[in-house]
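Colleague: Below is the file start20.tsv, with TSV, C-alpha atoms and all ligand atoms.
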chain	number	residue	atom	x	y	z
A	1	MET	CA	0.00	0.00	0.00
A	2	GLU	CA	1.27	3.46	-0.88
A	3	LEU	CA	1.27	5.54	2.30
A	4	ALA	CA	1.42	9.30	2.74
A	5	ASN	CA	4.85	10.87	2.37
A	6	ARG	CA	4.51	12.48	5.77
A	7	VAL	CA	4.85	9.15	7.59
A	8	LYS	CA	7.61	7.74	5.39
A	9	THR	CA	10.34	9.66	7.18
A	10	LEU	CA	8.75	9.50	10.62
A	11	SER	CA	11.29	8.06	13.06
A	12	PRO	CA	10.05	5.73	15.77
A	13	SER	CA	10.53	6.90	19.35
A	14	ALA	CA	14.13	6.57	20.55
A	15	THR	CA	13.08	4.54	23.53
A	16	LEU	CA	11.18	2.02	21.42
A	17	ALA	CA	13.97	-0.33	20.35
A	18	ILE	CA	15.54	-0.49	23.78
A	19	THR	CA	12.17	-0.93	25.51
A	20	ALA	CA	11.25	-3.75	23.12
A	21	LYS	CA	14.55	-5.49	23.83
A	22	ALA	CA	14.18	-4.96	27.59
A	23	ASN	CA	10.65	-6.43	27.49
A	24	GLU	CA	11.85	-9.41	25.49
A	25	LEU	CA	14.52	-10.13	28.12
A	26	LYS	CA	12.00	-9.66	30.94
A	27	SER	CA	9.58	-12.11	29.32
A	28	LYS	CA	12.42	-14.65	29.28
A	29	GLY	CA	12.66	-14.27	33.05
A	30	TYR	CA	15.70	-11.97	33.28
A	31	ASP	CA	15.95	-9.40	36.07
A	32	VAL	CA	16.03	-6.28	33.89
A	33	ILE	CA	16.48	-2.80	35.39
A	34	GLY	CA	14.64	-0.28	33.25
A	35	LEU	CA	15.90	3.31	33.53
A	36	GLY	CA	14.12	4.45	30.39
A	37	ALA	CA	10.89	5.64	31.98
A	38	GLY	CA	9.74	9.17	31.25
A	39	GLU	CA	7.20	9.22	34.05
A	40	PRO	CA	7.10	9.48	37.84
A	41	ASP	CA	6.97	6.07	39.54
A	42	PHE	CA	4.30	7.32	41.99
A	43	ASN	CA	0.58	6.69	41.88
A	44	THR	CA	-1.75	9.58	41.17
A	45	PRO	CA	-2.67	10.99	44.63
A	46	ASP	CA	-5.98	9.89	46.16
A	47	TYR	CA	-7.58	13.35	46.21
A	48	ILE	CA	-7.20	13.44	42.41
A	49	LEU	CA	-8.68	9.95	42.04
A	50	ASP	CA	-11.62	11.16	44.15
A	51	GLY	CA	-12.12	14.09	41.77
A	52	ALA	CA	-12.37	11.67	38.86
A	53	ALA	CA	-14.66	9.24	40.73
A	54	ASP	CA	-17.02	12.05	41.73
A	55	ALA	CA	-17.11	13.27	38.12
A	56	MET	CA	-18.11	9.82	36.88
A	57	ARG	CA	-20.83	9.44	39.49
A	58	ASN	CA	-22.16	12.93	38.81
A	59	GLY	CA	-22.61	12.21	35.12
A	60	PHE	CA	-19.65	14.18	33.74
A	61	THR	CA	-19.06	11.47	31.20
A	62	LYS	CA	-20.16	13.35	28.12
A	63	TYR	CA	-18.52	15.56	25.49
A	64	THR	CA	-17.09	18.78	26.86
A	65	PRO	CA	-16.21	22.04	25.07
A	66	SER	CA	-13.26	21.32	22.73
A	67	GLY	CA	-10.90	23.64	24.54
A	68	GLY	CA	-11.74	22.19	27.97
A	69	ILE	CA	-14.34	22.70	30.72
A	70	PRO	CA	-14.56	26.33	31.92
A	71	GLU	CA	-13.77	25.37	35.55
A	72	LEU	CA	-10.50	23.74	34.56
A	73	LYS	CA	-9.51	26.64	32.31
A	74	GLN	CA	-10.17	28.97	35.24
A	75	ALA	CA	-8.13	26.74	37.58
A	76	ILE	CA	-5.27	26.82	35.05
A	77	ALA	CA	-5.55	30.62	34.79
A	78	ASP	CA	-5.41	30.77	38.62
A	79	LYS	CA	-2.34	28.53	38.59
A	80	PHE	CA	-0.59	30.88	36.11
A	81	GLN	CA	-1.40	33.87	38.29
A	82	ARG	CA	-0.30	32.13	41.50
A	83	ASP	CA	2.87	30.39	40.28
A	84	ASN	CA	4.06	32.61	37.44
A	85	GLY	CA	2.43	35.99	38.03
A	86	LEU	CA	0.85	35.69	34.57
A	87	ALA	CA	-2.69	36.82	33.76
A	88	TYR	CA	-4.44	34.73	31.12
A	89	THR	CA	-8.13	34.76	30.25
A	90	SER	CA	-10.00	31.57	29.38
A	91	ASP	CA	-9.80	32.50	25.68
A	92	GLU	CA	-6.04	32.35	25.95
A	93	ILE	CA	-6.00	28.77	27.27
A	94	ILE	CA	-6.72	25.42	25.62
A	95	VAL	CA	-6.82	22.12	27.51
A	96	THR	CA	-5.44	19.27	25.41
A	97	THR	CA	-4.94	15.53	25.39
A	98	GLY	CA	-1.58	15.74	27.14
A	99	ALA	CA	1.10	18.37	26.59
A	100	LYS	CA	2.27	16.35	23.60
A	101	HIS	CA	-0.95	17.07	21.74
A	102	ALA	CA	-0.82	20.74	22.71
A	103	LEU	CA	2.54	20.90	20.90
A	104	PHE	CA	1.29	18.86	17.96
A	105	THR	CA	-1.75	21.13	17.52
A	106	LEU	CA	0.36	24.26	17.93
A	107	PHE	CA	2.78	23.27	15.14
A	108	GLN	CA	-0.16	22.38	12.86
A	109	VAL	CA	-1.64	25.81	13.44
A	110	LEU	CA	1.62	27.71	13.18
A	111	LEU	CA	3.67	26.27	10.37
A	112	ASN	CA	3.52	26.46	6.60
A	113	LYS	CA	5.71	24.31	4.39
A	114	GLY	CA	9.35	25.26	4.89
A	115	ASP	CA	8.86	27.40	8.00
A	116	GLU	CA	11.75	26.88	10.37
A	117	VAL	CA	11.64	26.16	14.08
A	118	ILE	CA	14.87	26.38	16.05
A	119	VAL	CA	15.26	23.37	18.32
A	120	PRO	CA	18.14	23.34	20.81
A	121	ALA	CA	19.70	19.85	21.15
A	122	PRO	CA	19.59	17.80	23.34
A	123	TYR	CA	15.86	17.97	22.69
A	124	TRP	CA	12.78	16.01	23.62
A	125	VAL	CA	12.39	13.38	20.89
A	126	SER	CA	8.99	14.48	19.59
A	127	TYR	CA	9.81	18.11	18.70
A	128	PRO	CA	11.56	17.50	15.36
A	129	GLU	CA	9.03	14.86	14.28
A	130	GLN	CA	6.04	17.03	15.13
A	131	ILE	CA	7.56	19.98	13.27
A	132	LYS	CA	8.16	17.80	10.21
A	133	LEU	CA	4.60	16.45	10.37
A	134	ALA	CA	3.43	20.06	10.09
A	135	GLU	CA	5.72	20.41	7.01
A	136	GLY	CA	8.04	22.69	8.94
A	137	LYS	CA	11.80	22.38	9.17
A	138	PRO	CA	13.48	21.72	12.52
A	139	VAL	CA	16.75	23.67	12.71
A	140	ILE	CA	18.89	22.01	15.35
A	141	ILE	CA	21.44	24.04	17.32
A	142	ASN	CA	23.72	22.39	19.84
A	143	ALA	CA	23.41	23.36	23.48
A	144	GLU	CA	26.90	22.29	24.45
A	145	GLU	CA	27.71	20.21	27.48
A	146	LYS	CA	30.49	22.62	28.47
A	147	ASN	CA	27.82	25.31	28.61
A	148	SER	CA	25.64	23.12	30.89
A	149	PHE	CA	23.52	22.17	27.85
A	150	LYS	CA	22.26	25.72	27.33
A	151	ILE	CA	22.27	27.71	24.10
A	152	THR	CA	23.89	31.13	23.97
A	153	PRO	CA	22.03	34.14	22.49
A	154	GLU	CA	24.81	34.49	19.85
A	155	GLN	CA	24.40	30.89	18.75
A	156	PHE	CA	20.64	31.31	18.62
A	157	GLU	CA	20.80	34.52	16.61
A	158	ALA	CA	23.24	32.96	14.12
A	159	ALA	CA	20.68	30.23	13.32
A	160	ILE	CA	17.89	32.70	12.46
A	161	THR	CA	16.90	33.03	8.79
A	162	PRO	CA	13.98	34.80	7.08
A	163	GLN	CA	12.10	31.47	7.39
A	164	THR	CA	12.47	31.24	11.18
A	165	LYS	CA	9.08	31.25	12.81
A	166	ALA	CA	9.64	29.91	16.31
A	167	VAL	CA	12.12	28.60	18.85
A	168	ILE	CA	11.55	25.94	21.49
A	169	ILE	CA	12.67	26.59	25.03
A	170	ASN	CA	12.29	23.60	27.34
A	171	SER	CA	13.29	24.45	30.89
A	172	PRO	CA	13.64	22.29	32.99
A	173	ASN	CA	14.84	20.19	30.12
A	174	ASN	CA	14.26	16.62	29.09
A	175	PRO	CA	16.76	14.91	28.73
A	176	THR	CA	19.45	17.06	30.45
A	177	GLY	CA	17.60	18.40	33.51
A	178	MET	CA	19.12	21.85	32.94
A	179	VAL	CA	17.24	24.99	33.94
A	180	TYR	CA	17.67	28.45	32.36
A	181	SER	CA	18.16	31.38	34.73
A	182	LYS	CA	16.17	34.60	34.48
A	183	ASP	CA	19.13	36.44	32.94
A	184	GLU	CA	19.67	33.74	30.34
A	185	LEU	CA	16.00	33.84	29.40
A	186	HIS	CA	16.14	37.63	29.15
A	187	ALA	CA	19.00	37.37	26.66
A	188	ILE	CA	17.17	34.76	24.56
A	189	GLY	CA	13.95	36.79	24.80
A	190	ASP	CA	15.72	39.90	23.48
A	191	VAL	CA	16.76	38.01	20.35
A	192	CYS	CA	13.18	36.78	19.87
A	193	LEU	CA	11.78	40.29	20.19
A	194	LYS	CA	14.39	41.72	17.81
A	195	HIS	CA	13.52	39.19	15.09
A	196	GLY	CA	9.80	38.68	15.82
A	197	ILE	CA	10.18	34.99	16.67
A	198	LEU	CA	7.51	33.09	18.56
A	199	ILE	CA	8.65	31.26	21.68
A	200	VAL	CA	7.27	27.81	22.40
A	201	SER	CA	8.02	27.46	26.09
A	202	ASP	CA	7.62	23.84	27.21
A	203	GLU	CA	7.35	24.04	31.00
A	204	ILE	CA	6.07	20.54	31.71
A	205	TYR	CA	8.80	19.94	34.36
A	206	GLU	CA	8.15	23.30	36.07
A	207	GLN	CA	7.36	21.72	39.45
A	208	LEU	CA	10.44	19.50	39.42
A	209	ILE	CA	13.35	21.82	40.23
A	210	TYR	CA	15.79	20.80	42.96
A	211	THR	CA	17.94	23.86	43.52
A	212	ASP	CA	17.16	27.18	45.15
A	213	ASP	CA	16.46	28.74	41.75
A	214	SER	CA	12.74	28.80	41.18
A	215	HIS	CA	11.21	28.23	37.78
A	216	VAL	CA	11.03	31.26	35.51
A	217	SER	CA	8.73	31.35	32.53
A	218	ILE	CA	10.10	33.49	29.71
A	219	ALA	CA	6.57	34.95	29.36
A	220	GLU	CA	6.91	36.50	32.84
A	221	LEU	CA	9.77	38.74	31.78
A	222	SER	CA	7.78	41.40	29.91
A	223	SER	CA	4.39	41.96	28.35
A	224	SER	CA	5.99	41.95	24.88
A	225	LEU	CA	7.49	38.54	25.57
A	226	LYS	CA	4.18	37.25	26.91
A	227	LYS	CA	2.51	38.30	23.64
A	228	GLN	CA	5.11	36.35	21.71
A	229	THR	CA	5.07	33.16	23.81
A	230	VAL	CA	2.93	30.06	23.91
A	231	ILE	CA	3.42	28.16	27.16
A	232	ILE	CA	2.97	24.40	27.14
A	233	ASN	CA	2.36	22.65	30.45
A	234	GLY	CA	0.27	19.88	32.01
A	235	VAL	CA	-0.31	17.64	34.98
A	236	SER	CA	1.51	14.51	33.70
A	237	LYS	CA	4.79	15.08	35.50
A	238	SER	CA	3.71	17.46	38.29
A	239	HIS	CA	0.94	15.22	39.64
A	240	ALA	CA	2.03	11.75	38.45
A	241	MET	CA	-0.80	11.75	35.90
A	242	THR	CA	0.87	10.60	32.67
A	243	GLY	CA	-1.94	8.19	31.77
A	244	TRP	CA	-4.75	10.71	32.22
A	245	ARG	CA	-3.58	12.75	29.23
A	246	ILE	CA	-4.23	16.32	30.34
A	247	GLY	CA	-2.01	19.14	29.13
A	248	TYR	CA	-2.61	22.71	28.04
A	249	ALA	CA	-1.32	25.67	26.09
A	250	ALA	CA	-1.59	29.35	26.98
A	251	GLY	CA	-0.87	32.20	24.61
A	252	PRO	CA	-2.40	34.84	22.35
A	253	THR	CA	-6.03	34.12	21.29
A	254	GLU	CA	-5.01	34.35	17.63
A	255	VAL	CA	-3.11	31.08	18.20
A	256	ILE	CA	-5.32	29.44	20.84
A	257	LYS	CA	-8.55	29.91	18.87
A	258	PRO	CA	-7.43	28.00	15.74
A	259	MET	CA	-5.88	25.37	18.02
A	260	THR	CA	-9.31	24.92	19.60
A	261	ASN	CA	-10.94	24.71	16.15
A	262	LEU	CA	-8.45	22.05	15.12
A	263	ALA	CA	-9.08	20.10	18.34
A	264	SER	CA	-12.82	20.21	17.60
A	265	HIS	CA	-12.10	18.21	14.42
A	266	SER	CA	-9.50	15.85	15.86
A	267	THR	CA	-9.89	14.91	19.53
A	268	SER	CA	-13.25	16.71	20.12
A	269	ASN	CA	-12.14	17.22	23.73
A	270	PRO	CA	-9.75	15.79	26.29
A	271	THR	CA	-11.42	13.02	28.35
A	272	SER	CA	-14.11	14.58	30.54
A	273	ILE	CA	-13.24	12.53	33.64
A	274	ALA	CA	-9.54	13.31	33.32
A	275	GLN	CA	-10.36	17.02	33.12
A	276	TYR	CA	-12.17	16.78	36.48
A	277	ALA	CA	-9.19	14.90	37.89
A	278	ALA	CA	-6.89	17.72	36.74
A	279	LEU	CA	-9.33	20.21	38.27
A	280	ALA	CA	-9.00	18.42	41.62
A	281	ALA	CA	-5.20	18.52	41.22
A	282	TYR	CA	-5.14	22.29	40.69
A	283	ARG	CA	-7.78	23.17	43.25
A	284	SER	CA	-6.12	21.22	46.04
A	285	SER	CA	-3.65	22.60	48.53
A	286	SER	CA	-2.23	19.09	49.09
A	287	ASP	CA	1.54	18.93	49.20
A	288	SER	CA	1.85	15.47	47.67
A	289	ASN	CA	3.98	16.86	44.85
A	290	THR	CA	6.31	18.43	47.42
A	291	GLU	CA	6.85	14.93	48.81
A	292	MET	CA	7.50	13.57	45.33
A	293	ARG	CA	10.01	16.36	44.70
A	294	GLN	CA	11.80	15.59	47.96
A	295	ILE	CA	12.17	11.93	46.99
A	296	PHE	CA	13.53	12.92	43.56
A	297	VAL	CA	16.11	15.22	45.21
A	298	GLU	CA	17.38	12.37	47.40
A	299	ARG	CA	17.62	10.00	44.47
A	300	LEU	CA	19.38	12.58	42.32
A	301	GLU	CA	22.06	13.14	44.95
A	302	ILE	CA	22.70	9.41	45.34
A	303	PHE	CA	22.64	8.46	41.66
A	304	TYR	CA	24.68	11.47	40.54
A	305	GLY	CA	27.43	10.50	42.98
A	306	LEU	CA	27.38	6.84	42.00
A	307	LEU	CA	27.52	7.52	38.26
A	308	ASN	CA	30.35	10.03	38.46
A	309	ASP	CA	32.33	7.39	40.30
A	310	ILE	CA	32.40	5.10	37.24
A	311	PRO	CA	35.54	5.45	35.09
A	312	GLY	CA	34.87	7.07	31.70
A	313	ILE	CA	31.52	8.55	32.77
A	314	THR	CA	31.05	12.22	33.60
A	315	CYS	CA	27.86	14.00	34.37
A	316	VAL	CA	26.73	17.61	34.46
A	317	LYS	CA	24.56	17.90	37.57
A	318	PRO	CA	20.94	18.38	36.55
A	319	LYS	CA	18.79	20.96	38.33
A	320	GLY	CA	15.40	19.58	37.47
A	321	ALA	CA	13.18	16.89	35.82
A	322	PHE	CA	14.08	13.29	36.75
A	323	TYR	CA	16.87	12.37	34.36
A	324	LEU	CA	20.63	12.23	34.35
A	325	PHE	CA	22.33	12.71	30.99
A	326	PRO	CA	25.94	11.63	31.49
A	327	ASN	CA	28.62	11.66	28.84
A	328	VAL	CA	29.75	8.06	28.41
A	329	TYR	CA	31.93	8.55	25.34
A	330	GLU	CA	35.21	7.83	27.11
A	331	ALA	CA	33.78	4.62	28.59
A	332	VAL	CA	32.45	3.59	25.16
A	333	LYS	CA	35.88	4.02	23.57
A	334	MET	CA	37.70	2.45	26.53
A	335	ASN	CA	35.34	-0.53	26.30
A	336	GLY	CA	36.08	-0.96	22.57
A	337	PHE	CA	32.68	0.01	21.16
A	338	GLU	CA	32.11	2.10	18.04
A	339	THR	CA	29.05	4.01	19.18
A	340	VAL	CA	27.04	4.80	22.29
A	341	ASP	CA	24.16	2.81	20.77
A	342	ASP	CA	26.35	-0.33	20.59
A	343	TRP	CA	27.50	0.20	24.19
A	344	VAL	CA	23.90	0.59	25.39
A	345	LYS	CA	22.86	-2.59	23.55
A	346	ALA	CA	25.71	-4.62	25.08
A	347	LEU	CA	24.98	-3.23	28.54
A	348	LEU	CA	21.41	-4.44	28.25
A	349	GLU	CA	22.42	-7.86	26.96
A	350	GLU	CA	25.14	-8.48	29.53
A	351	GLU	CA	24.05	-6.64	32.66
A	352	LYS	CA	20.33	-6.24	31.94
A	353	VAL	CA	20.26	-2.48	32.47
A	354	ALA	CA	18.14	-0.53	29.98
A	355	LEU	CA	19.18	3.07	29.27
A	356	VAL	CA	18.20	5.36	26.41
A	357	PRO	CA	21.03	6.31	24.04
A	358	GLY	CA	21.40	10.06	23.49
A	359	THR	CA	21.06	9.63	19.71
A	360	GLY	CA	17.28	10.14	19.73
A	361	PHE	CA	17.75	13.38	21.66
A	362	GLY	CA	20.32	14.69	19.17
A	363	ALA	CA	23.35	13.95	21.43
A	364	TYR	CA	25.84	11.30	20.40
A	365	GLU	CA	28.07	10.93	23.46
A	366	ASN	CA	25.42	10.69	26.16
A	367	VAL	CA	22.80	8.39	27.59
A	368	ARG	CA	19.62	9.23	29.46
A	369	LEU	CA	18.89	7.51	32.75
A	370	SER	CA	15.67	8.13	34.60
A	371	TYR	CA	15.70	8.13	38.39
A	372	ALA	CA	11.96	7.54	38.60
A	373	VAL	CA	12.77	4.21	40.27
A	374	SER	CA	13.63	3.26	43.88
A	375	THR	CA	16.97	4.11	45.49
A	376	ASP	CA	17.82	0.42	45.80
A	377	THR	CA	17.26	-0.01	42.07
A	378	LEU	CA	19.53	2.97	41.35
A	379	LYS	CA	22.27	1.49	43.55
A	380	GLU	CA	21.97	-1.91	41.87
A	381	ALA	CA	21.94	-0.28	38.40
A	382	SER	CA	25.12	1.69	39.06
A	383	GLN	CA	26.88	-1.43	40.36
A	384	ARG	CA	25.98	-3.27	37.20
A	385	ILE	CA	27.12	-0.40	34.96
A	386	LYS	CA	30.39	-0.17	36.88
A	387	ARG	CA	30.97	-3.92	36.49
A	388	PHE	CA	30.20	-3.72	32.76
A	389	VAL	CA	32.70	-0.88	32.23
A	390	LYS	CA	35.36	-2.78	34.23
A	391	ASN	CA	34.79	-6.11	32.46
A	392	HIS	CA	35.36	-4.50	29.06
A	393	GLN	CA	38.57	-2.68	29.90
B	401	LIG	N1	7.39	17.88	26.81
B	401	LIG	C1	8.42	17.20	27.35
B	401	LIG	C2	9.74	17.87	27.44
B	401	LIG	C3	8.25	15.88	27.81
B	401	LIG	O1	9.28	15.23	28.35
B	401	LIG	C4	6.98	15.29	27.70
B	401	LIG	C5	6.76	13.89	28.12
B	401	LIG	O2	7.65	13.09	28.24
B	401	LIG	C6	5.94	16.04	27.15
B	401	LIG	C7	6.18	17.33	26.70
B	401	LIG	C8	4.55	15.46	26.96
B	401	LIG	O3	3.86	15.35	28.15
B	401	LIG	P1	2.41	14.72	28.19
B	401	LIG	O4	2.54	13.38	28.85
B	401	LIG	O5	1.56	15.66	29.01
B	401	LIG	O6	1.90	14.59	26.80
The structure in this file should be written as structure tokens.
Ligand code: PLP
Modeller:
Amino acid sequence: MELANRVKTLSPSATLAITAKANELKSKGYDVIGLGAGEPDFNTPDYILDGAADAMRNGFTKYTPSGGIPELKQAIADKFQRDNGLAYTSDEIIVTTGAKHALFTLFQVLLNKGDEVIVPAPYWVSYPEQIKLAEGKPVIINAEEKNSFKITPEQFEAAITPQTKAVIINSPNNPTGMVYSKDELHAIGDVCLKHGILIVSDEIYEQLIYTDDSHVSIAELSSSLKKQTVIINGVSKSHAMTGWRIGYAAGPTEVIKPMTNLASHSTSNPTSIAQYAALAAYRSSSDSNTEMRQIFVERLEIFYGLLNDIPGITCVKPKGAFYLFPNVYEAVKMNGFETVDDWVKALLEEEKVALVPGTGFGAYENVRLSYAVSTDTLKEASQRIKRFVKNHQ
């Protein structure tokens, strides 16, 4: 069958091959440690489950407005005011089927064939694919490890062409865990204002920052920047709700309105029950995500120390999210492998530890390890990695 050109070049998710192999080994009875997960290992808190159960019992099981129920939009607007000092009206917010679909819809609305979007690497795997699906062109710039995986304003400006429409800023970042400071965002924002470039600010890991620096949204910095930014966020990571599929976008109505129209012809609406669950999440004063954050901090400290102790592996200390993104290139060479992908494959086969190679994130010397697993698992994983590196010397 002749399929559409748009899917012919679509790359499968970077985690797919390694996850498939890990599952195959697990089904054969091997004790596989999976550090590939992109989701918190906690259950959704009870008060959120109650919100969903009440919604079901009260008959909120029908279609909702395409852009989300008014109460949830208001709760999201309240969250922006409270956490970011940003005032959005309901018309400037759309609730979507996860943050991923907010991004997908945004690129569909924004891009014409050949429009360029600047994507700093290491990047979240779906950005380039979603841009290509909208017939846009991802322009990758390297956020270098020596610069803590952050782009410089000079580098950014040098990548701008007359076709540049937008830039993606993802802070805290997946996969590196880096966080941009206010000053750094100011400098990037100035370049965007100078050239009239829209900022897609993916803030899905906003709640997961482990240093004293608090999260800064680039839209907070000035009213001109707010007008030129679309914020992407959601409850998946902040409230351990990955399976509920509730995300949102906030930005100028001229972008949000067509996004809502598009949603009305694609998803119709995000699941009604999940919207009520998200409403319970935002209305509550529960500190369950503070507890989750505290556990992540402890794990980060332990795992960061253990990994840096392995010969040939060095790691920039992340400030947020729940990933470490160490450079393993020296270990790969020392162990006699050609590429990081080969090293990762052998590590899984021999020591049964599943990591994600950096290749899918646009980084060829690194691997991503998630610490959304127990401390004991992290200790066992680092012992196995250490033994693997030693055995191949
Ligand atoms: N943006 C980034 C950087 C992510 O890491 C993810 C999920 O892994 C998403 C967006 C999508 O989140 P959601 O589960 O709400 O679709």
Colleague: Using only C-alpha atoms and all ligand atoms, find the one residue out of A:Gly360, A:Pro138, A:Gly51, A:Gly38 that sits nearest to ligand LIG 401 (chain B).
Modeller: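 Looking at the shortest contact to ligand LIG 401 (chain B), the residue is A:Gly38.
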Colleague: Between atom CA of A:Cys192 and atom CA of A:Ser90, what distance in Å does the model show, to one decimal?
Modeller: 25.6 Å
Colleague: Could you produce a table of the residues of chain A lying within 8 Å of ligand LIG 401 (chain B), with the nearest pair of atoms per residue and their separation in Å rounded to one decimal, using all atoms listed in the file, ordered by chain and increasing residue number, as CSV?
Modeller:
residue,atom,partner,partner_atom,distance
A:Gly38,CA,B:LIG401,O2,5.4
A:Glu39,CA,B:LIG401,O2,7.0
A:Thr97,CA,B:LIG401,O6,7.0
A:Gly98,CA,B:LIG401,O5,3.7
A:Ala99,CA,B:LIG401,O5,3.7
A:Lys100,CA,B:LIG401,O6,3.7
A:His101,CA,B:LIG401,O6,6.3
A:Ala102,CA,B:LIG401,O6,7.9
A:Leu103,CA,B:LIG401,C7,7.7
A:Tyr123,CA,B:LIG401,C2,7.7
A:Trp124,CA,B:LIG401,C2,5.2
A:Asn170,CA,B:LIG401,C2,6.3
A:Asn173,CA,B:LIG401,C2,6.2
A:Asn174,CA,B:LIG401,C2,5.0
A:Pro175,CA,B:LIG401,O1,7.5
A:Asp202,CA,B:LIG401,N1,6.0
A:Glu203,CA,B:LIG401,N1,7.5
A:Ile204,CA,B:LIG401,N1,5.7
A:Tyr205,CA,B:LIG401,C2,7.3
A:Ile232,CA,B:LIG401,C7,7.8
A:Asn233,CA,B:LIG401,O5,7.2
A:Gly234,CA,B:LIG401,O5,5.3
A:Val235,CA,B:LIG401,O5,6.6
A:Ser236,CA,B:LIG401,O5,4.8
A:Lys237,CA,B:LIG401,O4,7.2
A:Met241,CA,B:LIG401,O4,8.0
A:Thr242,CA,B:LIG401,O4,5.0
A:Gly243,CA,B:LIG401,O4,7.5
A:Arg245,CA,B:LIG401,O5,5.9
A:Ile246,CA,B:LIG401,O5,6.0
A:Gly247,CA,B:LIG401,O5,5.0
Colleague: Looking at A:Glu92, A:Asp183, A:Glu157, A:Asp46, which one is nearest to A:Gly68, with distances taken over all atoms listed in the file?
Modeller: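 Distance minimum relative to A:Gly68 lands on A:Glu92.
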Colleague: Determine, counting all atoms listed in the file, which protein, DNA and RNA residues have an atom within 9 Å of an atom of A:Phe303; residues of the same chain fewer than 5 positions away are not included. Present the result as a PyMOL selection string.
Modeller: chain A and resi 298+308+324+371+375+378-379+382
Colleague: Which neighbours of A:Ser224 fall inside 10 Å, counting all atoms listed in the file, when residues of the same chain fewer than 5 positions from it are skipped, and could you give them as a PyMOL selection string?
Modeller: chain A and resi 189+193+219+229
Colleague: Write the residues of the preceding selection, restricted to C-alpha atoms, as a short mmCIF file (atom, residue, chain, number, x, y, z; two decimals), keeping the file's coordinate frame.
Modeller:
data_model
loop_
_atom_site.label_atom_id
_atom_site.label_comp_id
_atom_site.auth_asym_id
_atom_site.auth_seq_id
_atom_site.Cartn_x
_atom_site.Cartn_y
_atom_site.Cartn_z
CA GLY A 189 13.95 36.79 24.80
CA LEU A 193 11.78 40.29 20.19
CA ALA A 219 6.57 34.95 29.36
CA THR A 229 5.07 33.16 23.81
#
Colleague: Skip stretch 3-11 of chain A itself and residues of its chain fewer than 5 positions away, then list as a VMD selection string all residues within 10 Å of it, counting all atoms listed in the file.
Modeller: chain A and resid 125 to 126 128 to 130 132 to 135 360
Colleague: Tell me, in Å to one decimal, how far atom CA of A:Thr19 is from atom CA of A:Arg299.
Modeller: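 Distance reported for this atom pair: 22.6 Å.
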Colleague: Would you compute the box with edges along x, y and z of the file around stretch 201-208 of chain A, including every atom the file lists for it and 4 Å extra on each side, and give its centre and edge lengths in Å to one decimal, as AutoDock Vina command-line options?
Modeller:
--center_x 8.3 --center_y 23.5 --center_z 32.8 --size_x 12.4 --size_y 16.0 --size_z 21.4
Colleague: Take atom CA of A:Tyr276 and atom CA of A:Leu72 and report the distance between them in Å, one decimal.
Modeller: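 These two atoms are separated by 7.4 Å.
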Colleague: Which polymer residues have any atom within 6 Å of an atom of stretch 346-356 of chain A, counting all atoms listed in the file, with same-chain residues fewer than 4 positions away left out, as a list in words?
Modeller: Thr15, Val32, Ile33, Gly34, Leu35, Gly36, Val367, Arg368, Leu369 and Arg384 of chain A
Colleague: Give me the residues near A:Asp91 as a list in words, where near means some atom within 8 Å (using all atoms listed in the file) and where sequence neighbours in that chain fewer than 6 positions away do not count.
Modeller: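 Listing them by chain and then by number gives Thr253, Ile256 and Lys257 of chain A.
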Colleague: Selection from above, C-alpha atoms, as a CSV table (one decimal), in the frame of the given file, can you write it?
Modeller:
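Saved file part.csv follows:
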chain,number,residue,atom,x,y,z
A,253,THR,CA,-6.0,34.1,21.3
A,256,ILE,CA,-5.3,29.4,20.8
A,257,LYS,CA,-8.6,29.9,18.9
Colleague: List the residues sitting within 8 Å of (19.1, 12.6, 18.5) in the file's frame, using all atoms listed in the file, as a VMD selection string.
Modeller: chain A and resid 121 to 123 125 358 to 364
Colleague: Ranking A:Gln108, A:Thr96, A:Ser148, A:Asn84 by minimum distance to A:Ile218 and counting all atoms listed in the file, which one comes first?
Modeller: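 Closest candidate: A:Asn84.
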Colleague: Between A:Gln74, A:Asn142, A:Asn327, A:Thr164, which residue has the minimum interatomic distance to A:Ala87, considering only C-alpha atoms?
Modeller: A:Gln74
Colleague: From the options A:Ser286, A:Pro258, A:Phe337, A:His215, which residue's atoms come nearest to A:Gly320, counting all atoms listed in the file?
Modeller: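 Smallest distance to A:Gly320 is found for A:His215.
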Colleague: What would stretch 292-297 of chain A look like with N, CA and C atoms restored, written as a CSV table (one decimal), keeping the file's coordinate frame?
Modeller:
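Heads up, here's the output in part-v9.csv:
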chain,number,residue,atom,x,y,z
A,292,MET,N,6.9,14.2,46.5
A,292,MET,CA,7.5,13.6,45.3
A,292,MET,C,8.8,14.3,45.0
A,293,ARG,N,8.8,15.6,45.0
A,293,ARG,CA,10.0,16.4,44.7
A,293,ARG,C,11.1,16.0,45.7
A,294,GLN,N,10.8,15.9,46.9
A,294,GLN,CA,11.8,15.6,48.0
A,294,GLN,C,12.5,14.2,47.7
A,295,ILE,N,11.6,13.3,47.3
A,295,ILE,CA,12.2,11.9,47.0
A,295,ILE,C,13.1,12.0,45.8
A,296,PHE,N,12.7,12.8,44.8
A,296,PHE,CA,13.5,12.9,43.6
A,296,PHE,C,14.9,13.6,43.9
A,297,VAL,N,14.9,14.6,44.8
A,297,VAL,CA,16.1,15.2,45.2
A,297,VAL,C,17.1,14.2,45.8
